[in-house]
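J.: Provided below: upload-v9.cif, containing mmCIF, C-alpha atoms.
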data_data
loop_
_atom_site.label_atom_id
_atom_site.label_comp_id
_atom_site.auth_asym_id
_atom_site.auth_seq_id
_atom_site.Cartn_x
_atom_site.Cartn_y
_atom_site.Cartn_z
CA MET D 97 -2.27 -10.15 -21.60
CA LYS D 98 -3.65 -12.94 -19.44
CA GLU D 99 -1.49 -13.94 -16.56
CA SER D 100 -2.54 -15.92 -13.56
CA LYS D 101 -2.60 -13.97 -10.34
CA LEU D 102 0.02 -16.22 -8.84
CA SER D 103 2.49 -15.77 -11.66
CA ILE D 104 2.11 -11.99 -11.44
CA LEU D 105 3.00 -12.25 -7.80
CA THR D 106 5.92 -14.62 -8.13
CA LYS D 107 7.61 -13.43 -11.29
CA GLY D 108 9.13 -10.45 -9.52
CA ILE D 109 10.94 -12.69 -7.08
CA ILE D 110 13.13 -14.65 -9.47
CA LYS D 111 12.17 -14.65 -13.13
CA GLU D 112 11.93 -10.88 -13.47
CA ASN D 113 13.91 -9.98 -10.40
CA PRO D 114 14.11 -6.21 -10.70
CA VAL D 115 17.69 -5.90 -9.56
CA LEU D 116 19.50 -8.96 -10.86
CA VAL D 117 17.61 -9.73 -14.06
CA LEU D 118 16.09 -6.44 -15.17
CA VAL D 119 19.09 -4.50 -13.77
CA LEU D 120 17.00 -1.62 -12.48
CA GLY D 121 17.51 0.45 -9.38
CA THR D 122 21.18 -0.31 -8.98
CA CYS D 123 22.04 2.84 -7.05
CA PRO D 124 20.20 2.09 -3.79
CA THR D 125 21.07 -1.58 -4.13
CA LEU D 126 24.76 -0.82 -3.98
CA ALA D 127 24.55 2.04 -1.53
CA VAL D 128 22.42 0.78 1.35
CA THR D 129 23.56 -2.84 1.48
CA THR D 130 26.34 -2.32 4.00
CA GLN D 131 24.15 -3.67 6.80
CA ALA D 132 21.34 -6.20 6.71
CA SER D 133 19.08 -3.98 8.84
CA ASN D 134 19.47 -1.07 6.40
CA ALA D 135 18.59 -3.38 3.54
CA ILE D 136 15.37 -4.46 5.26
CA GLY D 137 14.49 -0.83 6.01
CA MET D 138 15.10 0.23 2.43
CA GLY D 139 13.19 -2.79 1.16
CA ILE D 140 10.14 -1.96 3.27
CA ALA D 141 10.19 1.73 2.32
CA PHE D 142 10.59 0.81 -1.31
CA THR D 143 7.83 -1.80 -1.27
CA PHE D 144 5.43 0.62 0.41
CA VAL D 145 6.05 3.29 -2.22
CA LEU D 146 5.83 0.78 -5.04
CA ILE D 147 2.54 -0.73 -3.82
CA CYS D 148 0.89 2.65 -3.23
CA SER D 149 2.07 4.23 -6.46
CA ASN D 150 1.16 1.15 -8.49
CA ILE D 151 -2.39 1.12 -7.10
CA VAL D 152 -2.91 4.85 -7.54
CA ILE D 153 -1.47 4.94 -11.04
CA SER D 154 -3.53 1.92 -11.99
CA LEU D 155 -6.69 3.63 -10.72
CA LEU D 156 -5.81 6.79 -12.62
CA ARG D 157 -4.71 5.02 -15.77
CA ASN D 158 -7.72 6.17 -17.78
CA ILE D 159 -7.59 9.73 -16.48
CA ILE D 160 -3.93 10.61 -16.95
CA PRO D 161 -3.34 12.02 -20.43
CA ASP D 162 -0.78 10.00 -22.32
CA LYS D 163 1.49 12.93 -23.12
CA VAL D 164 2.12 14.07 -19.58
CA ARG D 165 2.04 10.67 -17.93
CA ILE D 166 5.68 10.59 -16.83
CA PRO D 167 5.44 13.85 -14.81
CA CYS D 168 2.17 12.57 -13.33
CA TYR D 169 3.80 9.30 -12.28
CA ILE D 170 6.72 11.15 -10.76
CA THR D 171 4.40 13.39 -8.75
CA VAL D 172 2.46 10.42 -7.39
CA ILE D 173 5.68 8.60 -6.50
CA ALA D 174 7.25 11.68 -4.92
CA GLY D 175 4.15 12.12 -2.77
CA PHE D 176 4.43 8.63 -1.34
CA VAL D 177 8.18 8.98 -0.86
CA THR D 178 7.55 12.10 1.21
CA ILE D 179 5.05 10.17 3.34
CA ILE D 180 7.48 7.35 4.07
CA GLU D 181 10.25 9.87 4.77
CA LEU D 182 8.15 11.65 7.38
CA VAL D 183 6.99 8.38 8.94
CA MET D 184 10.55 7.07 9.18
CA GLU D 185 11.85 10.33 10.59
CA ALA D 186 9.23 10.12 13.31
CA TYR D 187 9.31 6.44 14.24
CA ALA D 188 12.64 5.00 13.05
CA TYR D 189 15.08 7.85 13.27
CA SER D 190 18.28 5.77 13.30
CA LEU D 191 17.18 4.03 10.12
CA TYR D 192 16.26 7.39 8.61
CA GLU D 193 19.79 8.61 9.37
CA ALA D 194 21.39 5.47 7.98
CA LEU D 195 19.48 5.55 4.70
CA GLY D 196 20.00 9.28 4.40
CA ILE D 197 19.68 10.69 0.95
CA TYR D 198 18.88 7.33 -0.62
CA LEU D 199 15.42 7.45 0.93
CA SER D 200 14.55 10.57 -1.08
CA LEU D 201 16.13 9.03 -4.11
CA ILE D 202 13.43 6.34 -4.22
CA VAL D 203 11.66 8.96 -6.35
CA VAL D 204 14.03 8.47 -9.24
CA ASN D 205 14.33 4.73 -8.72
CA CYS D 206 13.95 3.22 -12.15
CA ILE D 207 12.04 0.20 -10.82
CA ILE D 208 9.06 2.18 -9.60
CA LEU D 209 8.78 4.33 -12.70
CA GLY D 210 9.40 1.23 -14.78
CA ARG D 211 6.57 -0.72 -13.12
CA ALA D 212 4.23 2.24 -13.49
CA GLU D 213 5.03 2.44 -17.17
CA MET D 214 5.16 -1.30 -17.88
CA PHE D 215 2.44 -2.68 -15.68
CA ALA D 216 0.26 -0.31 -13.67
CA ASN D 217 -0.95 1.81 -16.57
CA LYS D 218 -2.17 -1.27 -18.41
CA ASN D 219 -3.62 -3.38 -15.62
CA LYS D 220 -6.36 -3.33 -13.02
CA PRO D 221 -5.55 -2.15 -9.49
CA PHE D 222 -5.56 -5.62 -7.93
CA ALA D 223 -3.14 -7.06 -10.50
CA SER D 224 -0.95 -3.98 -10.08
CA PHE D 225 -1.01 -4.51 -6.35
CA LEU D 226 0.16 -8.12 -6.73
CA ASP D 227 2.83 -7.04 -9.19
CA ALA D 228 4.08 -4.44 -6.73
CA VAL D 229 4.13 -6.94 -3.87
CA GLY D 230 6.11 -9.42 -5.98
CA MET D 231 8.58 -6.83 -7.18
CA GLY D 232 8.92 -5.42 -3.68
CA ILE D 233 9.68 -8.85 -2.22
CA GLY D 234 12.16 -9.54 -5.02
CA PHE D 235 13.90 -6.25 -4.38
CA THR D 236 13.97 -6.68 -0.61
CA LEU D 237 15.27 -10.25 -0.83
CA THR D 238 18.05 -9.29 -3.20
CA LEU D 239 19.02 -6.40 -0.97
CA LEU D 240 18.97 -8.68 2.07
CA VAL D 241 21.17 -11.31 0.42
CA MET D 242 23.66 -8.71 -0.75
CA ALA D 243 23.70 -6.90 2.58
CA SER D 244 24.16 -10.19 4.46
CA ILE D 245 27.18 -11.11 2.37
CA ARG D 246 28.71 -7.68 2.75
CA GLU D 247 27.96 -7.36 6.46
CA ILE D 248 29.13 -10.85 7.39
CA LEU D 249 32.39 -10.61 5.43
CA GLY D 250 32.95 -6.90 5.94
CA SER D 251 32.07 -6.33 9.58
CA GLY D 252 31.76 -9.86 10.95
CA THR D 253 28.22 -9.20 12.13
CA TRP D 254 24.72 -10.00 10.95
CA PHE D 255 21.84 -7.75 11.98
CA GLY D 256 24.30 -6.41 14.52
CA MET D 257 24.97 -9.84 16.07
CA GLU D 258 28.64 -10.68 16.25
CA ILE D 259 29.94 -13.74 14.47
CA PRO D 260 32.81 -15.27 16.50
CA VAL D 261 35.68 -15.89 14.09
CA LEU D 262 34.78 -13.43 11.37
CA LYS D 263 34.53 -10.54 13.81
CA ASP D 264 38.32 -10.53 14.21
CA ASN D 265 39.09 -11.29 10.58
CA ASN D 266 36.76 -8.94 8.76
CA ILE D 267 37.49 -7.70 5.26
CA SER D 268 36.45 -4.09 5.75
CA LEU D 269 36.73 -3.45 2.03
CA MET D 270 33.47 -5.37 1.60
CA THR D 271 31.44 -2.67 3.31
CA MET D 272 33.03 0.00 1.16
CA ALA D 273 32.26 0.96 -2.43
CA PRO D 274 34.49 -1.59 -4.26
CA GLY D 275 33.00 -4.45 -2.25
CA GLY D 276 29.53 -3.34 -3.30
CA PHE D 277 30.36 -3.50 -6.97
CA PHE D 278 32.13 -6.81 -6.52
CA VAL D 279 29.37 -8.60 -4.59
CA PHE D 280 26.81 -7.29 -7.08
CA ALA D 281 28.90 -8.64 -9.96
CA CYS D 282 29.18 -12.06 -8.30
CA LEU D 283 25.45 -12.27 -7.57
CA MET D 284 24.59 -11.32 -11.12
CA ALA D 285 27.00 -13.91 -12.46
CA LEU D 286 25.40 -16.49 -10.17
CA VAL D 287 21.93 -15.67 -11.49
CA ASN D 288 23.26 -15.92 -15.04
CA ARG D 289 24.70 -19.28 -14.19
CA ILE D 290 21.43 -20.57 -12.73
CA THR D 291 18.94 -19.20 -15.21
CA LYS D 292 21.06 -19.02 -18.36
CA HIS D 293 18.34 -17.06 -20.06
CA ARG D 294 20.41 -14.01 -20.77
CA ASN D 295 20.10 -14.35 -24.49
CA LYS D 296 16.37 -14.91 -24.32
CA ARG D 297 15.94 -11.70 -22.45
CA ILE D 298 15.86 -9.28 -25.33
CA THR D 299 13.35 -11.20 -27.40
CA GLU D 300 11.29 -12.20 -24.41
CA TYR D 301 10.78 -8.75 -22.97
CA GLY D 302 11.46 -6.54 -25.94
CA CYS D 303 10.89 -2.86 -25.88
CA ASP D 304 7.45 -3.02 -24.30
CA THR D 305 8.82 -3.70 -20.90
CA CYS D 306 11.71 -1.30 -21.21
CA PRO D 307 11.04 1.72 -19.02
CA SER D 308 12.91 3.75 -21.54
CA ALA D 309 10.73 2.79 -24.47
CA ALA D 310 8.87 6.07 -24.24
CA SER D 311 11.88 8.25 -24.72
CA CYS D 312 13.85 6.03 -27.04
CA GLY D 313 10.95 5.82 -29.44
CA LYS D 314 11.81 2.21 -30.21
CA THR D 315 14.25 3.40 -32.83
CA SER D 316 16.57 0.46 -32.66
CA CYS D 317 16.04 -2.44 -30.39
CA GLU D 318 18.99 -4.35 -31.79
CA GLY D 319 21.39 -2.08 -29.98
CA CYS D 320 19.59 -2.77 -26.73
CA THR D 321 21.80 -5.25 -24.92
CA SER D 322 19.62 -5.41 -21.86
CA ALA D 323 15.91 -5.00 -22.32
CA ALA D 324 15.68 -2.87 -19.25
CA GLY D 325 17.89 -0.48 -17.42
CA GLU D 326 17.51 3.21 -17.24
CA ALA D 327 20.84 3.72 -18.87
CA GLU D 328 20.42 1.33 -21.70
CA LYS D 329 17.89 3.62 -23.20
CA ALA D 330 20.70 6.07 -23.68
CA ALA D 331 22.61 3.56 -25.70
CA VAL D 332 19.55 2.70 -27.73
CA GLN D 333 18.63 6.27 -28.26
CA GLU D 334 22.15 7.10 -29.28
CA GLY D 335 22.06 4.24 -31.75
CA GLY D 336 18.86 5.65 -33.16
CA ALA D 337 20.22 9.14 -33.35
CA VAL D 338 23.30 8.02 -35.21
CA LYS D 339 21.19 6.24 -37.75
CA MET J 17 33.85 31.62 3.22
CA SER J 18 37.27 31.70 1.67
CA PHE J 19 38.36 30.80 -1.79
CA LYS J 20 40.29 27.89 -0.31
CA ALA J 21 37.10 26.42 1.12
CA LEU J 22 35.50 26.54 -2.31
CA ILE J 23 38.43 24.75 -3.90
CA VAL J 24 38.24 22.06 -1.20
CA ILE J 25 34.53 21.55 -1.91
CA LEU J 26 35.22 21.37 -5.63
CA LEU J 27 38.06 18.89 -5.37
CA SER J 28 36.31 16.68 -2.81
CA GLY J 29 33.40 16.43 -5.22
CA VAL J 30 35.70 15.38 -8.02
CA LEU J 31 38.01 12.97 -6.22
CA VAL J 32 37.22 12.04 -2.65
CA ASN J 33 33.43 11.92 -2.67
CA ASN J 34 33.13 10.93 -6.29
CA TYR J 35 29.40 10.45 -6.86
CA VAL J 36 29.66 7.39 -9.03
CA LEU J 37 32.54 5.48 -7.52
CA ARG J 38 32.18 6.37 -3.86
CA GLN J 39 28.49 7.12 -3.36
CA PHE J 40 26.85 4.90 -5.97
CA LEU J 41 24.86 7.69 -7.55
CA GLY J 42 24.22 7.79 -11.25
CA ILE J 43 25.20 4.16 -11.70
CA CYS J 44 22.68 3.63 -14.50
CA PRO J 45 24.24 6.05 -17.01
CA PHE J 46 27.65 5.02 -15.71
CA LEU J 47 27.03 1.45 -16.83
CA GLY J 48 24.89 2.23 -19.84
CA VAL J 49 26.53 5.12 -21.64
CA SER J 50 30.18 4.40 -20.93
CA LYS J 51 30.64 2.06 -23.87
CA GLU J 52 32.12 4.74 -26.08
CA LEU J 53 34.22 7.72 -25.15
CA LYS J 54 32.20 10.10 -27.32
CA ASN J 55 28.89 9.23 -25.67
CA ALA J 56 30.46 9.24 -22.23
CA THR J 57 31.75 12.79 -22.68
CA GLY J 58 28.51 14.04 -24.20
CA MET J 59 26.44 12.63 -21.36
CA SER J 60 28.83 13.97 -18.72
CA ILE J 61 28.79 17.50 -20.12
CA ALA J 62 24.99 17.43 -20.15
CA VAL J 63 25.01 16.21 -16.54
CA ILE J 64 27.41 18.95 -15.38
CA PHE J 65 25.26 21.53 -17.13
CA VAL J 66 21.99 20.33 -15.60
CA MET J 67 23.52 19.80 -12.13
CA VAL J 68 24.76 23.38 -11.90
CA LEU J 69 21.56 24.79 -13.35
CA ALA J 70 19.35 22.67 -11.10
CA THR J 71 21.32 23.76 -8.05
CA ALA J 72 21.06 27.39 -9.08
CA VAL J 73 17.28 27.04 -9.26
CA THR J 74 16.47 24.69 -6.37
CA TRP J 75 18.65 26.41 -3.75
CA PRO J 76 16.74 29.72 -3.91
CA ILE J 77 13.43 27.81 -4.01
CA GLN J 78 14.30 25.94 -0.81
CA MET J 79 15.74 28.93 1.02
CA LEU J 80 13.31 31.63 -0.10
CA LEU J 81 10.10 29.71 -0.62
CA LEU J 82 9.94 26.39 1.20
CA THR J 83 11.85 26.96 4.45
CA PRO J 84 10.38 30.38 5.37
CA ASN J 85 6.86 29.08 4.76
CA GLY J 86 7.40 25.84 6.67
CA LEU J 87 6.99 23.75 3.56
CA GLY J 88 10.25 21.83 3.96
CA TYR J 89 8.43 18.53 3.60
CA LEU J 90 7.61 19.37 -0.02
CA GLN J 91 11.31 19.28 -0.89
CA THR J 92 11.33 15.95 -2.71
CA VAL J 93 8.22 16.67 -4.77
CA VAL J 94 9.22 20.20 -5.68
CA PHE J 95 12.82 19.39 -6.55
CA ILE J 96 12.06 16.50 -8.86
CA LEU J 97 9.39 18.48 -10.68
CA VAL J 98 11.68 21.49 -10.98
CA ILE J 99 14.42 19.30 -12.40
CA ALA J 100 12.04 17.65 -14.85
CA ALA J 101 10.69 20.99 -16.00
CA LEU J 102 14.16 22.49 -16.16
CA VAL J 103 15.47 19.71 -18.36
CA GLN J 104 12.53 20.16 -20.70
CA LEU J 105 13.10 23.92 -20.78
CA VAL J 106 16.81 23.56 -21.45
CA GLU J 107 16.01 21.21 -24.30
CA ILE J 108 13.60 23.68 -25.89
CA VAL J 109 15.90 26.67 -25.42
CA LEU J 110 18.93 24.85 -26.81
CA LYS J 111 16.96 23.59 -29.78
CA ARG J 112 15.78 27.09 -30.59
CA PHE J 113 18.90 29.17 -29.93
CA ILE J 114 22.00 26.97 -29.94
CA PRO J 115 21.28 24.14 -32.37
CA ALA J 116 24.89 23.01 -32.42
CA LEU J 117 24.93 22.39 -28.67
CA TYR J 118 21.50 20.80 -28.91
CA ARG J 119 22.75 18.32 -31.46
CA ALA J 120 25.64 17.44 -29.16
CA LEU J 121 23.67 17.14 -25.90
CA GLY J 122 20.10 16.70 -27.09
CA VAL J 123 19.91 12.93 -26.89
CA TYR J 124 21.19 12.86 -23.33
CA LEU J 125 18.93 15.52 -21.88
CA PRO J 126 15.74 13.47 -21.43
CA LEU J 127 17.72 10.80 -19.59
CA ILE J 128 18.94 13.23 -16.99
CA THR J 129 15.57 13.72 -15.31
CA THR J 130 15.80 10.25 -13.88
CA ASN J 131 19.51 10.45 -13.14
CA CYS J 132 19.60 10.20 -9.38
CA ALA J 133 22.89 12.09 -9.17
CA VAL J 134 21.19 15.35 -10.15
CA LEU J 135 18.48 15.09 -7.51
CA ALA J 136 21.08 13.94 -4.99
CA VAL J 137 23.27 17.01 -5.56
CA THR J 138 20.41 19.43 -5.02
CA ILE J 139 19.27 17.67 -1.84
CA ALA J 140 22.83 17.25 -0.53
CA ASN J 141 23.45 20.99 -0.91
CA ILE J 142 20.49 21.72 1.35
CA ASP J 143 21.36 18.93 3.82
CA LYS J 144 24.91 20.17 4.23
CA SER J 145 23.58 23.76 4.56
CA TYR J 146 25.95 25.12 1.97
CA THR J 147 25.68 28.76 0.93
CA PHE J 148 24.63 29.53 -2.62
CA VAL J 149 28.17 29.86 -3.95
CA GLU J 150 29.31 26.72 -2.12
CA SER J 151 26.35 24.84 -3.58
CA ILE J 152 27.28 25.85 -7.09
CA PHE J 153 30.86 24.72 -6.52
CA ASN J 154 29.66 21.44 -5.03
CA ALA J 155 27.43 20.83 -8.06
CA LEU J 156 30.28 21.66 -10.41
CA GLY J 157 32.68 19.38 -8.54
CA SER J 158 30.20 16.50 -8.45
CA GLY J 159 29.54 16.94 -12.15
CA ILE J 160 33.22 16.94 -13.02
CA GLY J 161 33.68 13.89 -10.79
CA PHE J 162 30.91 12.15 -12.72
CA MET J 163 32.68 13.04 -15.95
CA LEU J 164 36.02 11.80 -14.67
CA ALA J 165 34.53 8.45 -13.72
CA MET J 166 32.68 8.14 -17.03
CA VAL J 167 35.69 9.00 -19.16
CA LEU J 168 38.05 6.74 -17.21
CA PHE J 169 35.58 3.90 -17.36
CA ALA J 170 34.97 4.32 -21.08
CA GLY J 171 38.67 3.62 -21.52
CA VAL J 172 38.52 0.58 -19.27
CA ARG J 173 35.50 -0.79 -21.09
CA GLY J 174 37.30 -0.77 -24.40
CA HIS J 175 39.63 -3.37 -22.95
CA ILE J 176 36.83 -5.39 -21.34
CA GLU J 177 35.08 -5.81 -24.67
CA ALA J 178 38.21 -7.39 -26.04
CA SER J 179 38.68 -9.78 -23.13
CA ASP J 180 37.28 -13.27 -22.68
CA PRO J 181 35.77 -13.65 -19.20
CA PRO J 182 34.14 -16.85 -17.85
CA GLU J 183 30.74 -17.58 -19.38
CA SER J 184 28.66 -16.45 -16.38
CA PHE J 185 30.59 -13.20 -16.06
CA LYS J 186 30.00 -12.10 -19.65
CA GLY J 187 28.20 -8.82 -20.04
CA LEU J 188 27.42 -6.74 -17.00
CA PRO J 189 29.08 -8.80 -14.23
CA ILE J 190 32.60 -8.37 -15.60
CA VAL J 191 31.92 -4.67 -16.14
CA LEU J 192 30.92 -4.41 -12.48
CA VAL J 193 34.13 -6.14 -11.42
CA ALA J 194 36.06 -3.54 -13.42
CA ALA J 195 34.04 -0.79 -11.76
CA SER J 196 34.95 -2.29 -8.40
CA ILE J 197 38.66 -2.06 -9.21
CA LEU J 198 38.29 1.51 -10.50
CA SER J 199 36.46 2.46 -7.34
CA LEU J 200 39.24 0.86 -5.32
CA SER J 201 41.77 3.07 -7.07
CA PHE J 202 39.82 6.14 -5.97
CA PHE J 203 40.55 5.22 -2.36
CA GLY J 204 44.01 6.55 -3.11
CA PHE J 205 42.57 10.05 -2.99
CA ASN J 206 41.46 9.72 0.63
CA GLY J 207 42.73 12.68 2.59
CA VAL J 208 44.58 14.14 -0.39
CA VAL J 209 42.46 17.25 -0.58
CA GLU J 210 42.55 17.92 3.16
CA ASN J 211 46.30 17.49 3.28
CA LEU J 212 46.84 19.68 0.28
CA PHE J 213 44.85 22.63 1.57
CA GLY J 214 44.46 21.93 5.27
#
Any chance you could put this one into structure tokens?

T.:
Amino acid sequence: MKESKLSILTKGIIKENPVLVLVLGTCPTLAVTTQASNAIGMGIAFTFVLICSNIVISLLRNIIPDKVRIPCYITVIAGFVTIIELVMEAYAYSLYEALGIYLSLIVVNCIILGRAEMFANKNKPFASFLDAVGMGIGFTLTLLVMASIREILGSGTWFGMEIPVLKDNNISLMTMAPGGFFVFACLMALVNRITKHRNKRITEYGCDTCPSAASCGKTSCEGCTSAAGEAEKAAVQEGGAVK
Amino acid sequence: MSFKALIVILLSGVLVNNYVLRQFLGICPFLGVSKELKNATGMSIAVIFVMVLATAVTWPIQMLLLTPNGLGYLQTVVFILVIAALVQLVEIVLKRFIPALYRALGVYLPLITTNCAVLAVTIANIDKSYTFVESIFNALGSGIGFMLAMVLFAGVRGHIEASDPPESFKGLPIVLVAASILSLSFFGFNGVVENLFG
């Protein structure tokens, strides 16, 4: 697997955008994007955890026994999540309050576990670091775009600054749950429209990049409509079990 | 702590604070496993089971072990490991003693470790400083709410598969639009529980 350093860094931003293309980590994406500032906070916390866990897991890749690797990854990730939680509680309390439970839930974020499984345990620390930076930027940018749309339309503000006309004509539904689903759907459709590589996805990434490959046992990749996605593994596994 | 309070916690979990449609937790299985009603129900029952069990184990750990010893900061690490171990244990026990139930739930169990709804319930119970009984009811309510959303959405998805959306919206985007409408319908439950029992 020879990839140039630059492509490792940039692929996370568009081509393998973790949220819109790989459809991982949807929960925080939908939940914290009510305000642009929350999105940036979540993005930074997420990127920090991803970079640290990717480097550590990459360094430990020859030490961690294959059978218990998932619990090991989770422990490493949970450790870094705790660090960022404590740091945020101390220095950015309002952000800590706003992100609430979703900060702790970075632990079970499929993107981080997915990157550990797909990339960090096969690559050297520096490549893993670049991969994490790329993925982190991709995640943060997506969050920022989504949060901007929802905040501008829903509250008529952006980073807390009021926007003259929209402030009085806000669609408050946008900041609520249905708006989240809707904006996410529109963004994903837009990416489909631009890239049009939906159909290529399955063959291009296959099961190797699927974070669920370990538990699904690659029983039936045909049933896998999206190569990634925590949940899809359920569908695949079910398909395998039925067979 | 009255019985009424418990019912309010239970019903808020199911309807008003529905984990999937109002709080965006457990979206991954919601989108992935809701294609067929059978799978949706199987997954939901497994989730309810693990949620209640995880709460029953993590609540005493937090209250009796972590808090008195000033180890509150270990919450995230301990909870996720407990859940992971618990799921594994449940799988082994079911396989050995209740094979029928294992066959029904077995395939869903490994997926639950990374289901953020389970971790969220256990942490939320501590954050809201519920008592043990209230925590169990909250877990049960959240689990049933998850099931309600899954089962409803499985029905909706049957119709989506048969529809013909614009090219770019094919696949997940149109499913998300449907989820948005379903979530909108849950706004109808706002205040229902409080008015009913308040």

J.: What is the atom CA of D:Gly210-atom CA of J:Val106 distance in Å, reported with one decimal?

T.: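 Atom-to-atom, atom CA of D:Gly210 and atom CA of J:Val106 are spaced 24.5 Å apart.
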
J.: Counting only C-alpha atoms, a student should be able to say which residues of chain J come within 6 Å of chain D; what is the right answer, written as a PyMOL selection string?

T.: chain J and resi 38+40-41+43-45+48-49+93+130+132+184-185+189+192-193+196+199-200

J.: Restricting the calculation to all atoms listed in the file: of J:Leu97, J:Ala140, J:Val134, J:Val73, which residue gets closest to J:Phe162?

T.: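 With all atoms listed in the file as the atom set, the closest residue is J:Val134.
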
J.: Within 7 Å of stretch 215-224 of chain D, counting all atoms listed in the file, which residues show up once you throw out same-chain ones fewer than 5 positions away? Write them as a VMD selection string, please.

T.: chain D and resid 101 150 to 151 153 to 155 157

J.: Nearest to D:Asp227: which of D:Leu146, D:Leu262, D:Ala141, D:Ala132 is it, counting only C-alpha atoms?

T.: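 Smallest separation from D:Asp227 among the options: D:Leu146.
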